[in-house]
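Worksheet: the structure to be examined is printed underneath.
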Amino acid sequence: MFYFRGCGRWVAVSFTKQQFPLARLSSDSAAPRTPHFDVIVIGGGHAGTEAATAAARCGSRTLLLTHRVDTIGQMSCNPSFGGIGKGHLMREVDALDGLCSRICDQSGVHYKVLNRRKGPAVWGLRAQIDRKLYKQNMQKEILNTPLLTVQEGAVEDLILTEPEPEHTGKCRVSGVVLVDGSTVYAESVILTTGTFLRGMIVIGLETHPAGRLGDQPSIGLAQTLEKLGFVVGRLKTGTPPRIAKESINFSILNKHIPDNPSIPFSFTNETVWIKPEDQLPCYLTHTNPRVDEIVLKNLHLNSHVKETTRGPRYCPSIESKVLRFPNRLHQVWLEPEGMDSDLIYPQGLSMTLPAELQEKMITCIRGLEKAKVIQPDGVLLLLPRMECNGAISAHHNLPLPGYGVQYDYLDPRQITPSLETHLVQRLFFAGQINGTTGYEEAAAQGVIAGINASLRVSRKPPFVVSRTEGYIGVLIDDLTTLGTSEPYRMFTSRVEFRLSLRPDNADSRLTLRGYKDAGCVSQQRYERACWMKSSLEEGISVLKSIEFLSSKWKKLIPEASISTSRSLPVRALDVLKYEEVDMDSLAKAVPEPLKKYTKCRELAERLKIEATYESVLFHQLQEIKGVQQDEALQLPKDLDYLTIRDVSLSHEVREKLHFSRPQTIGAASRIPGVTPAAIINLLRFVKTTQRRQSAMNESSKTDQYLCDADRLQEREL
Amino acid sequence: MWRGLWTLAAQAARGPRRLCTRRSSGAPAPGSGATIFALSSGQGRCGIAVIRTSGPASGHALRILTAPRDLPLARHASLRLLSDPRSGEPLDRALVLWFPGPQSFTGEDCVEFHVHGGPAVVSGVLQALGSVPGLRPAEAGEFTRRAFANGKLNLTEVEGLADLIHAETEAQRRQALRQLDGELGHLCRGWAETLTKALAHVEAYIDFGEDDNLEEGVLEQGRKPVSIVSPEPGTTRDVLETPVDLAGFPVLLSDTAGLREGVGPVEQEGVRRARERLEQADLILAMLDASDLASPSSCNFLATVVASVGAQSPSDSSQRLLLVLNKSDLLSPEGPGPGPDLPPHLLLSCLTGEGLDGLLEALRKELAAVCGDPSTDPPLLTRARHQHHLQGCLDALGHYKQSKDLALAAEALRVARGHLTRLTGGGGTEEILDIIFQDFCVGK
């Protein structure tokens with residue numbers, strides 16, 4: 001077992017199951033005090049926890065470095081998970097065996113599916129989560145993950161070495177330097193530092209650097225990244241003040257109760273940990289003209305709102321809502337922070353007014369007349385350290401006023417779809433550092449970064465989710481080809497193939513690939529997904545094969561509004577499309593052979609959904625094929641767009657391609673300003689290169705052996 | 001097989017005349033699954049015109065147009081009567097060739113129709129093809145791209161490809177601009193705006209409806225403007241322009257205002273429009289007064305318009321210019337001519353008619369050069385494109401009205417908008433998000 005001098009403490013060491021590669025064991029024994037991992041993950045937020053566990057599931061010995069182990073799994077902003085688009089991401093994270101969905105099924109206090117009436121393709125699984133439970137459950141999971149080691153420590157710098165010649169990038173990361181000067185080596189490093197990079201907290205006119213007092217670990221890292229040539233941008237976000245529960249008059253407010261039954265997030269769960277009747281309600285109230293007045297009168301005391309740093313358009317502070325949409329009532333959701341929490345989270349009231357004015361404004365609101373905002377009282381100077389979600393983690397369990405956060409992010413066009421940086425080999429970025437916002441967006445990137453960091457170590461091809469396969473693919477493709485100038489949030493409207501990429505079928509889309517291509521999925525989950533997929537296929541073909549005249553269907557299922565005007569045979573699948581028909585009523589009408597498909601509730605529901613979208617999906621499939629064909633045409637990674645002569649491209653197009661470095665023709669064609677002619681030129685180039693390469697294949701094989709031999713020697717030294 | 005699938009889809013549609021055949025997000029990613037068609041010979045009054053299709057529904061299209069006959073022998077020319085599948089009206093007696101993939105130009109199933117070259121016949125066949133489910137007009141360079149993707153082009157063939165695509169898109173862009181400048185364009189853009197807004201509202205209702213201040217009313221707002229759209233496709237023409245038959249070529253003649261500087265606001269607008277037309281024209285007839293070449297406006301015209309078109313390299317643009325000096329009767333017959341530094345020009349006297357034959361001959365040559373280029377999208381095909389996309393838009397709107405599932409309704413609206421933005425340009429997701437965030441206060 002290893003130990004560190006003077007830096008943090010080992011929290012969990014789970015080396016029991018791991019297998020050391022022989023070469024490494026010998027090098028370790030030669031230098032016992034230089035720990036060596038396959039993958040290091042920096043940051044224990046929503047991206048970091050998913051990345052670390054994904055890498056470990058893929059078989060990599062992984063180290064999770066975090067400032068404080070007791071903040072792992074901290075929900076630092078809103079006390080909820082999921083929603084429209086975000087719920088889709090969670091199902092996909094779960095399909096890859098990620099954590100957040102399973103933890104939410106154990107930690108929620110109010111489960112509700114949004115968009116119930118708008119069609120299953122856009123249902124939004126969502127839940128209010130108990131912060132404390134979530135953290136506990138997450139930590140339990142993290143600390144019990146085989147191959148995963150957790151250590152407290154602040155990273156000051158990266159260890160960089162010569163690049164691998166067969167990959168692009170100016171250097172290669174081989175470990176990290178901690179703030180106490182000690183080093184840890186690894187084959188891949190994932191940065192999930194959230195808003196940590198040069199974070200600033202803003203309340204009224206005051207700003208505070210968001211590092212712990214006395215040390216500013218993120219500055220060193222930020223400087224290293226900048227020196228390496230990464231393009232840095234700045235974003236802002238905010239969070240509302242918390243209100244004491246007992247000071248709110250709920251009796252006059254609009255009460256919202258959870259779903260009954262609760263729908264779990266995870267494919268592996270039949271139900272959630274808590275009964276609907278034991279769950280907590282949410283309440284709805286609204287702002288009024290007096291709130292507007294306070295905001296408008298005090299703009300001069302509010303530096304966050306005035307500044308030019310880009311904030312999100314869709315999650316604005318109450319100040320920007322009032323400025324942009326005056327004379328309107330804005331919703332305020334009062335959400336429970338947990339089962340035994342005394343705090344209420346007023347969603348919709350993110351603000352950066354000076355603390356004393358915040359309470360004044362809040363008490364103008366109906367139901368909040370006597371609301372107590374918990375005052376900071378110098379807390380800021382003591383604690384703030386920021387977590388992934390633009391929020392300060394309340395280590396001391398001291399509530400805070402609302403505040404704004406400004407932070408650095410790295411232009412995501414500098415990373416590949418596997419989330420590895422173009423500049424530094426084996427360095428991966430995930431989460432808010434890439435300009436996204438939201439727990440779910442962070443978790444989604446975390447899983448992908450963890451998988452790819454691990455695949456990179458074992459020299460396997462990267463695991464990339466395409467736009468045609470999942471919301472994760474849309475998220476990463478948007479980021480890496482278009483970049484972002486505001487915190488990027490997932491919406492279903494960003495997704496071209498929305499009817500195909502549904503919450504119900506995330507397992508069919510990703511679990512099988514996750515098992516075969518990434519190795520991040522457990523056997524049990526894989527088998528379940530396989531069973532479901534084949535049952536669905538079988539069910540659909542059975543439903544297609546049953547045909548009766550519409551008049552007969554009408555007799556069998558009188559409650560359905562089947563038109564009998566035409567005497568054509570109608571398939572059972574078409575009958576299932578009617579709103580008022582489900583598998584149960586169909587099976588009652590045609591027990592043989594349909595009855596067996598009603599035994600599994602999930603299967604019956606999914607058959608109904610497949611029927612609903614069947615005709616449109618048939619057409620969408622054609623287009624998906626077209627996109628996939630373009631995705632299959634890889635562009636060489638080391639292409640120097642600025643100088644290549646064989647391709648005739650305009651200077652503007654060259655610059656765009658140079659910056660985004662699209663990996664496929666498909667990605668290139670989505671970059672604004674890249675013309676059809678440029679795409680054809682690139683196509684030609686790809687084909688030429690492919691031919692040349694296949695011609696040279698024989699000689700390069702010999703080279704490869706030589707290379708491997710060199711590497712082996714290096715390692716033994 | 002296609003027929004089977006089609007009936008299946010049609011049954012499911014429980015809706016209007018036909019299913020719209022593709023949706024598009026505005027990104028130029030031609031789906032390989034669709035079957036495309038295009039006029040692949042030059043246009044004008046030629047003896048034979050060749051229309052090609054490529055894609056899985058090619059065989060189906062051939063059968064439908066030649067019904068009741070079966071598919072002809074592969075790679076053999078056969079004489080068939082083509083008729084319109086909707087009306088049954090005979091179109092032409094034509095040679096058809098059936099190339100089942102992969103042994104075809106693109107590697108997919110292909111059909112060639114060799115029809116008699118009159119505009120009416122060509123247009124009839126194109127429209128008939130457009131009405132076959134699963135078929136749509138090809139995008140710029142799409143045949144070539146498919147051939148390329150299927151490994152059917154060797155590298156030397158590919159060399160000239162990019163230039164070709166460039167020329168094609170350039171010509172198409174100018175033609176689209178020209179056609180969309182008139183009343184039709186005005187209508188289309190108006191509809192596209194309406195649809196974009198309607199879609200933004202529906203998308204907002206989906207993405208933010210339940211969490212935020214979006215009431216059911218939003219959806220109604222979304223539905224209302226959609227009902228305005230009831231286009232009668234392809235009928236509108238710009239009244240300022242006259243289509244003429246010039247030496248066998250169908251030509252759209254635009255008479256513009258003279259390019260004068262420093263006049264009143266009304267005429268300024270006329271000048272602005274004239275300049276716009278200049279940009280879009282395939283051929284410019286620049287007319288100057290031969291007796292007044294020294295005047296500032298003439299000099300200015302020569303310097304800006306004539307010189308700038310002349311300066312373009314021939315490969316860069318297919319735009320052409322004929323400089324015509326009118327009132328040649330006012331020049332003294334023994335004089336030194338209009339001016340020594342003038343670019344090539346023609347002399348004309350509208351009064352005496354002298355030089356008119358020369359001008360017509362020059363025009364014919366220029367037109368042959370412009371229209372003879374097989375890569376230029378002929379007006380006929382563009383009209384077929386308009387009709388195809390407007391019809392697709394209309395069909396999709398029919399689905400929109402019927403869909404109970406909001407995700408399906410939104411999908412129909414996306415398809416409808418996609419069709420329109422194929423004609424007007426634009427159509428990205430960001431446009432939608434911009435409207436959402438502009439119109440609604442969403443967020444927590």
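A note on labels: chains of the structure tokens are A, B, ... as shown, every chain counts residues from 1, and ligands are counted from 1 in their shown order.
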
### Within 12 Å of B:Leu408 using only C-alpha atoms, minus same-chain residues under 5 positions, as a ChimeraX atom specification
/A:118-122,497-500,609,612-617 /B:13,202-203,206,396-403,413-415

#### Entry: Contact residues around B:Ala34 with only C-alpha atoms at 8 Å, ignoring same-chain residues under 3 positions, as a list in words
Gln622 and Glu623 of chain A; Arg22, Gly31, Gly55, Pro56, Ala57, Gly134, Leu135 and Arg136 of chain B

Any chance you could export the current selection's N, CA, C and O atoms as a PDB file, in the first residue's frame?
```
ATOM      1  N   GLN A 622     -34.139   6.954 -42.492  1.00  0.00           N
ATOM      2  CA  GLN A 622     -33.416   7.268 -43.721  1.00  0.00           C
ATOM      3  C   GLN A 622     -32.439   8.397 -43.484  1.00  0.00           C
ATOM      4  O   GLN A 622     -31.287   8.352 -43.912  1.00  0.00           O
ATOM      5  N   GLU A 623     -32.928   9.421 -42.808  1.00  0.00           N
ATOM      6  CA  GLU A 623     -32.078  10.567 -42.596  1.00  0.00           C
ATOM      7  C   GLU A 623     -30.938  10.252 -41.647  1.00  0.00           C
ATOM      8  O   GLU A 623     -29.818  10.711 -41.821  1.00  0.00           O
TER       9      GLU A 623
ATOM     10  N   ARG B  22     -39.549  13.585 -46.393  1.00  0.00           N
ATOM     11  CA  ARG B  22     -38.324  13.726 -45.604  1.00  0.00           C
ATOM     12  C   ARG B  22     -38.459  14.940 -44.729  1.00  0.00           C
ATOM     13  O   ARG B  22     -39.185  15.870 -45.015  1.00  0.00           O
ATOM     14  N   GLY B  31     -29.623  13.028 -47.096  1.00  0.00           N
ATOM     15  CA  GLY B  31     -29.783  11.668 -46.606  1.00  0.00           C
ATOM     16  C   GLY B  31     -29.630  10.694 -47.756  1.00  0.00           C
ATOM     17  O   GLY B  31     -30.154  10.885 -48.829  1.00  0.00           O
ATOM     18  N   GLY B  55     -31.388   6.055 -56.063  1.00  0.00           N
ATOM     19  CA  GLY B  55     -31.867   5.732 -54.723  1.00  0.00           C
ATOM     20  C   GLY B  55     -32.798   4.536 -54.758  1.00  0.00           C
ATOM     21  O   GLY B  55     -33.178   4.050 -55.832  1.00  0.00           O
ATOM     22  N   PRO B  56     -33.147   4.061 -53.585  1.00  0.00           N
ATOM     23  CA  PRO B  56     -33.905   2.803 -53.497  1.00  0.00           C
ATOM     24  C   PRO B  56     -35.277   2.841 -54.166  1.00  0.00           C
ATOM     25  O   PRO B  56     -35.792   1.801 -54.578  1.00  0.00           O
ATOM     26  N   ALA B  57     -35.889   4.013 -54.300  1.00  0.00           N
ATOM     27  CA  ALA B  57     -37.230   4.060 -54.884  1.00  0.00           C
ATOM     28  C   ALA B  57     -37.193   4.245 -56.398  1.00  0.00           C
ATOM     29  O   ALA B  57     -38.229   4.447 -57.025  1.00  0.00           O
ATOM     30  N   GLY B 134     -41.280   9.314 -51.740  1.00  0.00           N
ATOM     31  CA  GLY B 134     -39.896   8.906 -51.549  1.00  0.00           C
ATOM     32  C   GLY B 134     -38.936   9.589 -52.496  1.00  0.00           C
ATOM     33  O   GLY B 134     -37.743   9.446 -52.362  1.00  0.00           O
ATOM     34  N   LEU B 135     -39.455  10.355 -53.444  1.00  0.00           N
ATOM     35  CA  LEU B 135     -38.564  11.045 -54.376  1.00  0.00           C
ATOM     36  C   LEU B 135     -38.533  12.537 -54.091  1.00  0.00           C
ATOM     37  O   LEU B 135     -39.543  13.128 -53.726  1.00  0.00           O
ATOM     38  N   ARG B 136     -37.366  13.113 -54.274  1.00  0.00           N
ATOM     39  CA  ARG B 136     -37.269  14.553 -54.136  1.00  0.00           C
ATOM     40  C   ARG B 136     -36.187  15.064 -55.081  1.00  0.00           C
ATOM     41  O   ARG B 136     -35.297  14.307 -55.480  1.00  0.00           O
TER      42      ARG B 136
END
```

### Message
as number ranges by chain, please: the residues near A:Leu125 (cut-off 6 Å, only C-alpha atoms, same-chain neighbours under 6 positions excluded).
### Response
A: 82-83, 87, 113

May I have the residues from that selection written out with N, CA, C and O atoms, as a PDB file, in the first residue's frame?
```pdb
ATOM      1  N   GLY A  82     -32.858  16.190 -13.196  1.00  0.00           N
ATOM      2  CA  GLY A  82     -33.721  15.840 -14.299  1.00  0.00           C
ATOM      3  C   GLY A  82     -34.516  17.025 -14.809  1.00  0.00           C
ATOM      4  O   GLY A  82     -34.193  18.173 -14.533  1.00  0.00           O
ATOM      5  N   GLY A  83     -35.558  16.722 -15.561  1.00  0.00           N
ATOM      6  CA  GLY A  83     -36.339  17.745 -16.233  1.00  0.00           C
ATOM      7  C   GLY A  83     -36.376  17.413 -17.715  1.00  0.00           C
ATOM      8  O   GLY A  83     -35.921  16.347 -18.131  1.00  0.00           O
ATOM      9  N   GLY A  87     -33.632  14.986 -18.199  1.00  0.00           N
ATOM     10  CA  GLY A  87     -34.045  13.633 -17.855  1.00  0.00           C
ATOM     11  C   GLY A  87     -33.575  12.642 -18.919  1.00  0.00           C
ATOM     12  O   GLY A  87     -33.185  11.516 -18.610  1.00  0.00           O
ATOM     13  N   VAL A 113     -42.893  13.312 -13.351  1.00  0.00           N
ATOM     14  CA  VAL A 113     -42.528  13.335 -14.765  1.00  0.00           C
ATOM     15  C   VAL A 113     -43.184  14.558 -15.403  1.00  0.00           C
ATOM     16  O   VAL A 113     -44.401  14.717 -15.329  1.00  0.00           O
TER      17      VAL A 113
END
```

### Message
Select, as a PyMOL selection string, those residues of chain A with any atom no more than 7 Å from chain B (distances computed using only C-alpha atoms).
### Response
chain A and resi 84+114-115+118-119+121-122+313-316+321+325+330-331+347-348+491-494+496+574+615+619+622-623+625-627+670+677+680-681+684

### strand (DSSP E) positions in stretch 517-705 of chain A, given as a list in words
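Written out, the strand (DSSP E) residues of stretch 517-705 of chain A are Glu547, Phe548, Leu549, Pro569, Val570 and Arg571 of chain A.
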